[in-house]
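**Student:** Questions regarding the structure given below will be posed in turn.
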Amino acid sequence: MNLRIRSRLKTAARVLARALAFRPLDMWLAGIVAVAAQLIIFRQLVWEVNPWMLLHWDMAAADAAIVMLPYIFLPPRWRRSVWIALALTTSLCYANLWYCRAFYDLMPLDSMGMGANLQDRVIDGFLEQLRWKDLLLLAPVAFYGLARRLLRGPAMKLPFSRRAKWTLAAASLLLYAWAFTMQAYRMYSINSDKFSFWYALTNYRSTYRLSAYKYTQHFSYMGAVWYALWQLREEFIPHTLSADERARVEGFWKERRNRPTAADRFADNRGKNLIFIIVESLSADVLNLEVGGIPVTPTLDSLARTDGVLVATRMRPQVGHGRSSDGQFMYNTGLLPLRHAVVSKRFPSADYPSLVKALGVRNAAEVTGDPPTFYSHSTTNVSYGYTQFISGGTGNWRRDNWIFAQADSVIATLRQPFVATVITLTMHDPYKSITGSRTAISSDKRFVQDDLNYMEEVHLFDSRLGQFLDGLRRRGLYDNSVIVIASDHEPRRTALGPDFFTDDILFMVLNSGASLVTDRVIGQIDVFPTVLDLMGVADYPYPGLGTSIVADTTRHGLVDLYGNVIDAPADSTDLRRAWDISELLLEGRYF
């Protein structure tokens, strides 16, 4: 090594030593290490339940550098405000981790402000997700606190020079650019048969969206900073339909209106009442199931064997982050939920198409045990065209006996033909206890306690359903009503034993005039057009995004929220297109 090179190395070493002796810089570096370590710990904890979480070290370091960048420019007396950023990062990590353990994805931004949704059982469901290992997320915060204590004094008083500020800012941005380039290269290496590295780098947004359906995927591809900005943009910057997008939407509806219907076959139902019972977390697997020597659902079992009943035992959920509210949204409007937001929070108020509007009735009531603010329910009630709303009081988690009693009372006051929607709650998780008395079901040794508790709740619901239907018979309303019973979504897997239930949920229609028992796999989006047909409605301009299973008896399969094709024909383009069209309809405020 010649003297010139040796001299330059010594000079660089002295500069680096002086820089590291500058305590505000050390404090800044400690903050970067803390934030990056917290992101990696968060990634590992989430990865245990969602393998799509693949944030890399370089992206975590780049994100941390951007998060800590204001520290360089803050006056010394304001540097304690960095704790705000660390506290916010820690809170978001915990909220998203616990949410992901319950629902297998990160939390939408709009859900973080839905404090009205924190009912007792919702809170209990989140508390179930706590683990001792979660305390690891506090370790980087403790490290940063220790560094501040060791570097106190000058670290809180000395300012950065102008040259240092811009040098460190440039270094942070270069690090972020490097991490972004590496992310693009990883995308290219996985999809080298589809596009070039240059295309992946210059069209990063369109390339990662090819396969990104989960928030965890977006987080992995974007990194924390870009992901947060993307969520803010989605939340606060409205999308306006372009002329091309509006033409696509109109073309889709025109195509749907030209599809065959079976409404003429059920014209006799046109003047009947529609009673729609949306059941919390009802698995189709409980049908004809005997546990502890007794049937779990004797009422449903008996109904499934009567004439004029449609029974679909393999409906699959298509709900998103709104869970129950998404199920209610699909059944009421025939539209699919948003992939990256909660419809009832983002767009609760619109002139949505709906069963109530399609039937043109003057009396339509909705009964639920939730308070009016729960998932903006009092607002969506109006948007769906209901004229009455009966709900539980704020802070109360009403049981199905109260809900069915309220439904029975309000139905007695409605002028026929009417629409009445009843939303049950008894089977909401967690299943650590039950709301009624135990039966012989709890003595069965084949199942874990949570599963037994769930079946006890189902058994209780089934009994109350039978009592409600008996009340309709006494009032002379049963035979003049088409009665739909449908699960809002599957029981949450993390709340039950690992090997008990499938994801199949129940769709049953009483007095339909269609004696059909099918094990075809269908989606929740197929309920709306099927009910329109069964009610004899042939001319509604928005026939839904699904397919009537009585009009097309070969119909099967679906695409779920995450793009998974389930039991569908090889050509599932139309099923995928329905998701894209629904997103345009909602985000573009078509209605």
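In the structure tokens, the first chain shown is A, the next is B, and so on; residue numbers restart at 1 for each chain, and ligands run from 1 in the order shown.
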Using only C-alpha atoms, which protein or nucleic acid residues come within 7 Å of region 58-69 of chain A? Drop anything in the same chain fewer than 2 positions from it, and give the result as a VMD selection string.

**Tutor:** chain A and resid 28 31 to 32 35 to 36 39 to 40 55 to 56 71 to 72 169 172 175 to 176 179 223 to 225

**Student:** Do you know which residues are at most 10 Å from Tyr104 (chain A) counting only C-alpha atoms, after dropping those on the same chain fewer than 2 positions away, and could you put them as a list in words?

**Tutor:**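 My list of contacting residues is Val46, Trp47, Val49, Asn50, Pro51, Trp52, Asn96, Leu97, Trp98, Tyr99, Cys100, Arg101, Ala102, Leu106, Met107, Lys214, Tyr215, Thr216, His321, Arg493 and Thr494 of chain A.
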
**Student:** If we count only C-alpha atoms, what is near Ile275 (chain A) at a cut-off of 8 Å, once residues fewer than 4 positions away on the same chain are taken out, given as an mmCIF file with C-alpha atoms, in the first residue's frame?

**Tutor:**
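File part_23.cif, as written:
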data_model
loop_
_atom_site.group_PDB
_atom_site.id
_atom_site.type_symbol
_atom_site.label_atom_id
_atom_site.label_comp_id
_atom_site.auth_asym_id
_atom_site.auth_seq_id
_atom_site.Cartn_x
_atom_site.Cartn_y
_atom_site.Cartn_z
ATOM 1 C CA VAL A 419 -88.457 -6.520 4.288
ATOM 2 C CA ALA A 420 -87.091 -7.375 7.733
ATOM 3 C CA THR A 421 -83.402 -8.079 8.301
ATOM 4 C CA VAL A 422 -82.370 -9.677 11.596
ATOM 5 C CA SER A 481 -92.697 -14.834 3.657
ATOM 6 C CA VAL A 482 -89.531 -15.918 1.887
ATOM 7 C CA ILE A 483 -87.063 -16.440 4.730
ATOM 8 C CA VAL A 484 -83.322 -16.294 4.032
#

**Student:** Going by DSSP on the backbone, which bits of region 34-220 of chain A are alpha helix (DSSP H)? Write them as a ChimeraX atom specification, please.

**Tutor:** /A:34-47,57-67,69-73,82-103,120-127,139-150,154-157,162-190,197-202,204-208,215-220

**Student:** List as JSON, numbers by chain the protein and nucleic acid residues near region 304-320 of chain A, meaning an atom at most 6 Å away when only C-alpha atoms are counted, but skip any in the same chain fewer than 4 places from it.

**Tutor:** {"A": [284, 326, 327, 489, 504, 505, 506, 507, 508, 509, 510, 511, 512, 513, 514, 515, 516, 517, 518, 519, 521, 522, 523, 524, 560, 561]}

**Student:** Taking only C-alpha atoms into account, which of A:Thr202, A:Met53, A:His377, A:Ile41 comes nearest Tyr94 (chain A)?

**Tutor:**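 Checking each of A:Thr202, A:Met53, A:His377, A:Ile41 against Tyr94 (chain A), counting only C-alpha atoms, the winner is A:Ile41.
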
**Student:** Could you pull the residues within 10 Å of Ser437 (chain A), counting only C-alpha atoms, minus those fewer than 4 positions along the same chain, as a ChimeraX atom specification?

**Tutor:** /A:456-457,460

**Student:** With C-alpha atoms retained, could you export that selection as a PDB file, in the first residue's frame?

**Tutor:**
ATOM      1  CA  GLU A 456     -73.283 -24.680  22.609  1.00  0.00           C
ATOM      2  CA  GLU A 457     -73.755 -21.158  21.254  1.00  0.00           C
ATOM      3  CA  LEU A 460     -78.722 -21.850  21.654  1.00  0.00           C
TER       4      LEU A 460
END

**Student:** Based on the backbone DSSP call, show me all residues of region 374-581 of chain A assigned strand (DSSP E or B), as a VMD selection string.

**Tutor:** chain A and resid 388 to 390 418 to 423 481 to 487 505 to 510 516 to 518 522 to 523 558 to 559 565 to 566

**Student:** Residues as selected, C-alpha atoms, written as a PDB file, in the first residue's frame, can you do that?

**Tutor:**
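Output file result.pdb follows:
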ATOM      1  CA  GLN A 388     -86.586   1.515  10.510  1.00  0.00           C
ATOM      2  CA  PHE A 389     -83.525   0.666  12.601  1.00  0.00           C
ATOM      3  CA  ILE A 390     -83.701  -1.184  15.928  1.00  0.00           C
ATOM      4  CA  PHE A 418     -92.171  -5.819   3.946  1.00  0.00           C
ATOM      5  CA  VAL A 419     -88.457  -6.520   4.288  1.00  0.00           C
ATOM      6  CA  ALA A 420     -87.091  -7.375   7.733  1.00  0.00           C
ATOM      7  CA  THR A 421     -83.402  -8.079   8.301  1.00  0.00           C
ATOM      8  CA  VAL A 422     -82.370  -9.677  11.596  1.00  0.00           C
ATOM      9  CA  ILE A 423     -78.662  -9.751  12.537  1.00  0.00           C
ATOM     10  CA  SER A 481     -92.697 -14.834   3.657  1.00  0.00           C
ATOM     11  CA  VAL A 482     -89.531 -15.918   1.887  1.00  0.00           C
ATOM     12  CA  ILE A 483     -87.063 -16.440   4.730  1.00  0.00           C
ATOM     13  CA  VAL A 484     -83.322 -16.294   4.032  1.00  0.00           C
ATOM     14  CA  ILE A 485     -80.786 -17.623   6.558  1.00  0.00           C
ATOM     15  CA  ALA A 486     -77.136 -16.884   5.738  1.00  0.00           C
ATOM     16  CA  SER A 487     -73.867 -16.802   7.672  1.00  0.00           C
ATOM     17  CA  ILE A 505     -70.798 -21.370   5.587  1.00  0.00           C
ATOM     18  CA  LEU A 506     -74.554 -21.790   5.226  1.00  0.00           C
ATOM     19  CA  PHE A 507     -77.073 -20.285   2.809  1.00  0.00           C
ATOM     20  CA  MET A 508     -80.681 -21.453   3.219  1.00  0.00           C
ATOM     21  CA  VAL A 509     -83.967 -20.068   1.855  1.00  0.00           C
ATOM     22  CA  LEU A 510     -87.338 -21.195   3.262  1.00  0.00           C
ATOM     23  CA  LEU A 516     -82.708 -27.561  -4.013  1.00  0.00           C
ATOM     24  CA  VAL A 517     -79.954 -28.967  -1.822  1.00  0.00           C
ATOM     25  CA  THR A 518     -76.543 -28.330  -3.347  1.00  0.00           C
ATOM     26  CA  ILE A 522     -70.440 -20.669  -4.300  1.00  0.00           C
ATOM     27  CA  GLY A 523     -69.505 -17.234  -3.006  1.00  0.00           C
ATOM     28  CA  LEU A 558     -65.400 -18.039  -6.501  1.00  0.00           C
ATOM     29  CA  VAL A 559     -62.440 -15.717  -6.091  1.00  0.00           C
ATOM     30  CA  VAL A 565     -59.494 -19.073  -7.027  1.00  0.00           C
ATOM     31  CA  ILE A 566     -61.613 -21.668  -5.188  1.00  0.00           C
TER      32      ILE A 566
END

**Student:** From the options A:Leu109, A:Met27, A:Leu545, A:Leu477, which residue's atoms come nearest to Tyr227 (chain A), counting only C-alpha atoms?

**Tutor:**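 The closest residue to Tyr227 (chain A) is A:Leu109.
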
**Student:** Using only C-alpha atoms, which of the listed residues (A:Leu472, A:Ala30, A:Ala85, A:Ala267) sits closest to Leu146 (chain A)?

**Tutor:**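 Of A:Leu472, A:Ala30, A:Ala85, A:Ala267, the one nearest Leu146 (chain A), counting only C-alpha atoms, is A:Ala30.
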